[in-house]
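Working notes, beginning with the structure itself.
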Amino acid sequence: MKAVVFHGVGDIRLEDVSEPKIEQATDAVVRITTSAICGTDLHFIRGTVPGMKPGTVLGHEGVGVVEEVGEGIRNFRPGDRVLLSAVLGCGSCSYCRAGYFAQCDTVNPNGPRSGTAFYGAPVANGAINGLQAEYARVPCAHTNMFRLPESVSDAQAIPLSDIYPTGYFGAVIAEVSDGDVVGVFGCGPVGQFAILSAFQRGAARVIAVDGHGDRLERAQMLGAEVINFNEVDPVAAMLELTRGIGPDRVIDAVGVDAESPKSGPAAGRAREQADQHREELRQIAPRTNEHNGQWKPGDAPTQAHAWAVDSLAKAGTLGIIGVYPPTDRFFPIGTAMNRNLTINMGNGNHPRYIRRLMAMVESGTVDPDRILTQHEPMREVMRAYKEFDQRRPGWLKVALDPSH
Ligand SMILES: NC(=O)c1ccc[n+]([C@@H]2O[C@H](COP(=O)([O-])OP(=O)(O)OC[C@H]3O[C@@H](n4cnc5c(N)ncnc54)[C@H](O)[C@@H]3O)[C@@H](O)[C@H]2O)c1
Ligand SMILES: [Zn+2]
Ligand SMILES: [Zn+2]
């Protein structure tokens, strides 16, 4: 079958690999009808999240049809149309039962303290083959597959795999509640769903920050007040918009590949910090491999959370959903401590939220399809990866059709 395979930093290929099989009684094999490219995949290819094993099939977002189930699966049968959760849990351990699927004790083959298991991920996260493929093996399928109503199309469903539950989780861990003013750093696909979810959880205002006009336009369409960090200083602008108080809650939906401002009033300070950011990047990601401007790491790995901490109201809450690798040891703890900030972070507990988010999609309360800007056949996947990597105008979220 055709699949996107990781070969090394800066080196991914569309190639033929063998089809997955049932390995354990609780597995299922699914024929993927729609997959997608995620900002997380870019960290691996850029080398800012290290530890991928060459040969791993990439991708963790998928919709498909069940081909086969192991003998331990009693809630699905071949032919069922399903959504796959990017984050995997076993559904039986004490963490899963508490809703902490991202810290499941058993699904990660590296053992109970090894953390989040997801598809197409580094060795530490299980190195389970991913969903940018014609077929995939789903571990603990009873917990990690969700039956799709006929009325929900693949395009409406695919954001439920990862970006919607992640954005929603961001609003939950940032403790967004009625009346809050919420700042969202990053208006990529995850940031868009963080904005939407903040409003769903009662935010009165959402102030969204990015450096790309087309992404800010989409954020504005969701109701956010938008700030372009290449035009104004985002922290000063947030304070100005909130009578000097700052947002009550902030969500970092950027992660390690954060960019510094290249123009506008914040660019001067960024230039002063360029050496510091270069050194941080060298320590966090010693092995990167840029090709002609492609797979280039962000140049300011601490910028998004530093702005988040600087802008927050006293005693406010920061929710970090942007991904930082275990090699990252930089955080402005002093400012956060002295302002009595609460900081929550992590990988989303997707199986905990998927059903309720799917109900909102099914009822038409939200239409996640609006955030998908590109639908590409698998044979175009390399071009699609490159456009998304460059954040080309209009390329907000790419869905892939593995059958073409
Ligand atoms: N925690 C989880 O479970 C989880 C799940 C999925 C994705 N993620 C992470 O969420 C992050 C966003 O994912 P995505 O798919 O939207 O990626 P993306 O790369 O498309 O989006 C990142 C956005 O941040 C913007 N940005 C860059 N520097 C910035 C800065 N200094 N301030 C504000 N905005 C800045 C970029 O212009 C871009 O629009 C990634 O780190 C991804 O790995 C986390
Ligand atoms: Zn994803
Ligand atoms: Zn578990």
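By convention in this document, the chains of the structure tokens carry letters A, B, ... by their order, each chain's residues are numbered from 1, and ligands are numbered from 1 in the order they are shown.
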Residues of chain A within 6 Å of ligand 2: nearest atom pair and distance (Å, one decimal) for each, counting only C-alpha atoms and all ligand atoms, sorted by chain and number, as a Markdown table?
| residue | atom | partner | partner_atom_place_in_ligand_line | distance |
| --- | --- | --- | --- | --- |
| A:Cys38 | CA | ligand 2 | 1 (Zn) | 4.3 |
| A:Thr40 | CA | ligand 2 | 1 (Zn) | 5.8 |
| A:His60 | CA | ligand 2 | 1 (Zn) | 5.9 |
| A:Glu61 | CA | ligand 2 | 1 (Zn) | 5.9 |
| A:Asp162 | CA | ligand 2 | 1 (Zn) | 4.9 |
| A:Ile163 | CA | ligand 2 | 1 (Zn) | 5.8 |
Based on the selection just made, write C-alpha atoms of those residues as a PDB file, in the first residue's frame.
ATOM      1  CA  CYS A  38      -0.759  18.413  11.015  1.00  0.00           C
ATOM      2  CA  THR A  40       2.930  18.222  14.669  1.00  0.00           C
ATOM      3  CA  HIS A  60      -2.267  10.724  13.158  1.00  0.00           C
ATOM      4  CA  GLU A  61      -5.519  12.099  11.771  1.00  0.00           C
ATOM      5  CA  ASP A 162      -6.953  15.808  16.571  1.00  0.00           C
ATOM      6  CA  ILE A 163      -7.267  19.539  15.953  1.00  0.00           C
TER       7      ILE A 163
END
(request) Check every protein, DNA and RNA residue against ligand 1, keep those with an atom at most 6 Å away (counting only C-alpha atoms and all ligand atoms), and present them as a PyMOL selection string. (result) chain A and resi 38-40+162-163+166+185-191+209-212+253-255+258-260+303-304+321-323+346-348
What does the list of residues within 12 Å of ligand 3 look like if you count only C-alpha atoms and all ligand atoms, written as a tab-separated table (two decimals) with C-alpha atoms, in the first residue's frame?
chain	number	residue	atom	x	y	z
A	87	VAL	CA	-4.23	10.21	20.93
A	88	LEU	CA	-4.46	6.60	22.06
A	89	GLY	CA	-5.64	5.14	25.37
A	90	CYS	CA	-6.36	1.62	26.61
A	91	GLY	CA	-9.67	2.52	28.24
A	92	SER	CA	-8.95	0.27	31.22
A	93	CYS	CA	-6.09	1.73	33.30
A	94	SER	CA	-6.65	4.20	36.12
A	95	TYR	CA	-5.45	7.15	33.98
A	96	CYS	CA	-7.89	6.38	31.13
A	97	ARG	CA	-10.72	5.88	33.63
A	98	ALA	CA	-9.99	9.32	35.06
A	99	GLY	CA	-10.18	10.78	31.54
A	100	TYR	CA	-6.39	11.14	31.28
A	101	PHE	CA	-6.09	9.19	28.03
A	102	ALA	CA	-2.91	11.07	27.03
A	103	GLN	CA	-1.13	9.50	30.00
A	104	CYS	CA	-2.46	5.95	29.58
A	105	ASP	CA	-0.41	3.37	31.48
A	106	THR	CA	-0.46	0.60	28.90
A	107	VAL	CA	-0.99	1.60	25.28
A	108	ASN	CA	2.54	3.00	24.87
A	109	PRO	CA	4.82	-0.06	24.43
A	111	GLY	CA	5.81	1.30	29.65
A	112	PRO	CA	3.67	3.24	32.13
A	113	ARG	CA	5.87	6.30	32.63
A	115	GLY	CA	3.66	9.26	28.23
A	116	THR	CA	1.35	9.91	25.31
A	117	ALA	CA	1.02	7.28	22.58
A	139	PRO	CA	-4.61	-0.38	18.92
A	140	CYS	CA	-7.30	-0.70	21.64
A	142	HIS	CA	-12.78	-0.23	21.46
A	143	THR	CA	-11.58	3.10	22.91
A	144	ASN	CA	-9.81	4.83	20.02
A	349	ASN	CA	-7.12	13.59	26.18
A	351	PRO	CA	-11.18	10.12	23.58
A	352	ARG	CA	-12.63	12.07	26.52
(request) Give me every strand (DSSP E or B) residue in region 40-203 of chain A, going by DSSP on the backbone, as a PyMOL selection string. (result) chain A and resi 57+62-69+81-84+87-88+117-119+128+133+135-138+145-147+181-185
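The smallest atom-to-atom distance between Ser311 (chain A) and any of A:Ala336, A:Met238, A:Val366, A:Val49, using only C-alpha atoms, is found for A:Met238.
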(request) Could you give me the residues within region 57-250 of chain A that DSSP places in alpha helix (DSSP H), as number ranges by chain? (result) A: 94-97, 141-144, 154-157, 163-173, 189-200, 213-221, 234-241
Let's have the selection written as a compact mmCIF listing (two decimals), in the first residue's frame, with C-alpha atoms.
# COMPACT_ATOMS: atom_id res chain seq x y z
CA SER A 94 -6.65 4.20 36.12
CA TYR A 95 -5.45 7.15 33.98
CA CYS A 96 -7.89 6.38 31.13
CA ARG A 97 -10.72 5.88 33.63
CA ALA A 141 -9.89 -0.07 18.94
CA HIS A 142 -12.78 -0.23 21.46
CA THR A 143 -11.58 3.10 22.91
CA ASN A 144 -9.81 4.83 20.02
CA ASP A 154 -15.26 12.84 6.01
CA ALA A 155 -14.38 16.53 5.67
CA GLN A 156 -16.52 17.42 8.68
CA ALA A 157 -15.15 14.50 10.67
CA ILE A 163 -7.27 19.54 15.95
CA TYR A 164 -10.76 20.06 17.39
CA PRO A 165 -10.21 17.96 20.56
CA THR A 166 -6.80 19.65 20.97
CA GLY A 167 -8.27 23.16 20.67
CA TYR A 168 -11.06 22.19 23.05
CA PHE A 169 -8.56 20.71 25.50
CA GLY A 170 -6.67 24.02 25.27
CA ALA A 171 -9.76 25.91 26.38
CA VAL A 172 -10.36 23.39 29.19
CA ILE A 173 -6.83 23.52 30.60
CA PRO A 189 -5.63 24.82 12.46
CA VAL A 190 -5.22 24.07 16.17
CA GLY A 191 -5.43 27.75 17.10
CA GLN A 192 -8.62 28.14 15.04
CA PHE A 193 -10.27 25.38 17.07
CA ALA A 194 -8.91 26.86 20.31
CA ILE A 195 -10.69 30.12 19.41
CA LEU A 196 -13.93 28.32 18.59
CA SER A 197 -13.70 26.23 21.76
CA ALA A 198 -12.94 29.23 23.97
CA PHE A 199 -16.19 30.82 22.75
CA GLN A 200 -18.02 27.52 23.30
CA GLY A 213 -2.83 37.74 7.49
CA ASP A 214 -4.83 34.92 5.90
CA ARG A 215 -4.86 32.94 9.15
CA LEU A 216 -5.87 36.04 11.12
CA GLU A 217 -8.71 36.65 8.67
CA ARG A 218 -10.07 33.19 9.43
CA ALA A 219 -9.73 33.84 13.16
CA GLN A 220 -11.70 37.05 12.72
CA MET A 221 -14.43 35.10 10.90
CA PRO A 234 1.31 41.83 20.44
CA VAL A 235 1.75 42.20 24.21
CA ALA A 236 1.28 45.98 24.09
CA ALA A 237 -1.74 45.54 21.82
CA MET A 238 -3.35 42.97 24.13
CA LEU A 239 -2.88 45.28 27.11
CA GLU A 240 -4.32 48.19 25.17
CA LEU A 241 -7.39 46.14 24.21
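Among A:Asp367, A:Glu387, A:Asp11, A:Glu380, the residue with the shortest atom-to-atom distance to Gly47 (chain A), counting only C-alpha atoms, is A:Asp11.
Here CA of Ala266 (chain A) is placed at a distance of 25.7 Å from CA of Trp395 (chain A).
Among the candidate residues A:Asp252, A:Asp178, A:Asp27, A:Asp299, the one lying nearest to Arg271 (chain A) is A:Asp299, with distances computed using only C-alpha atoms.
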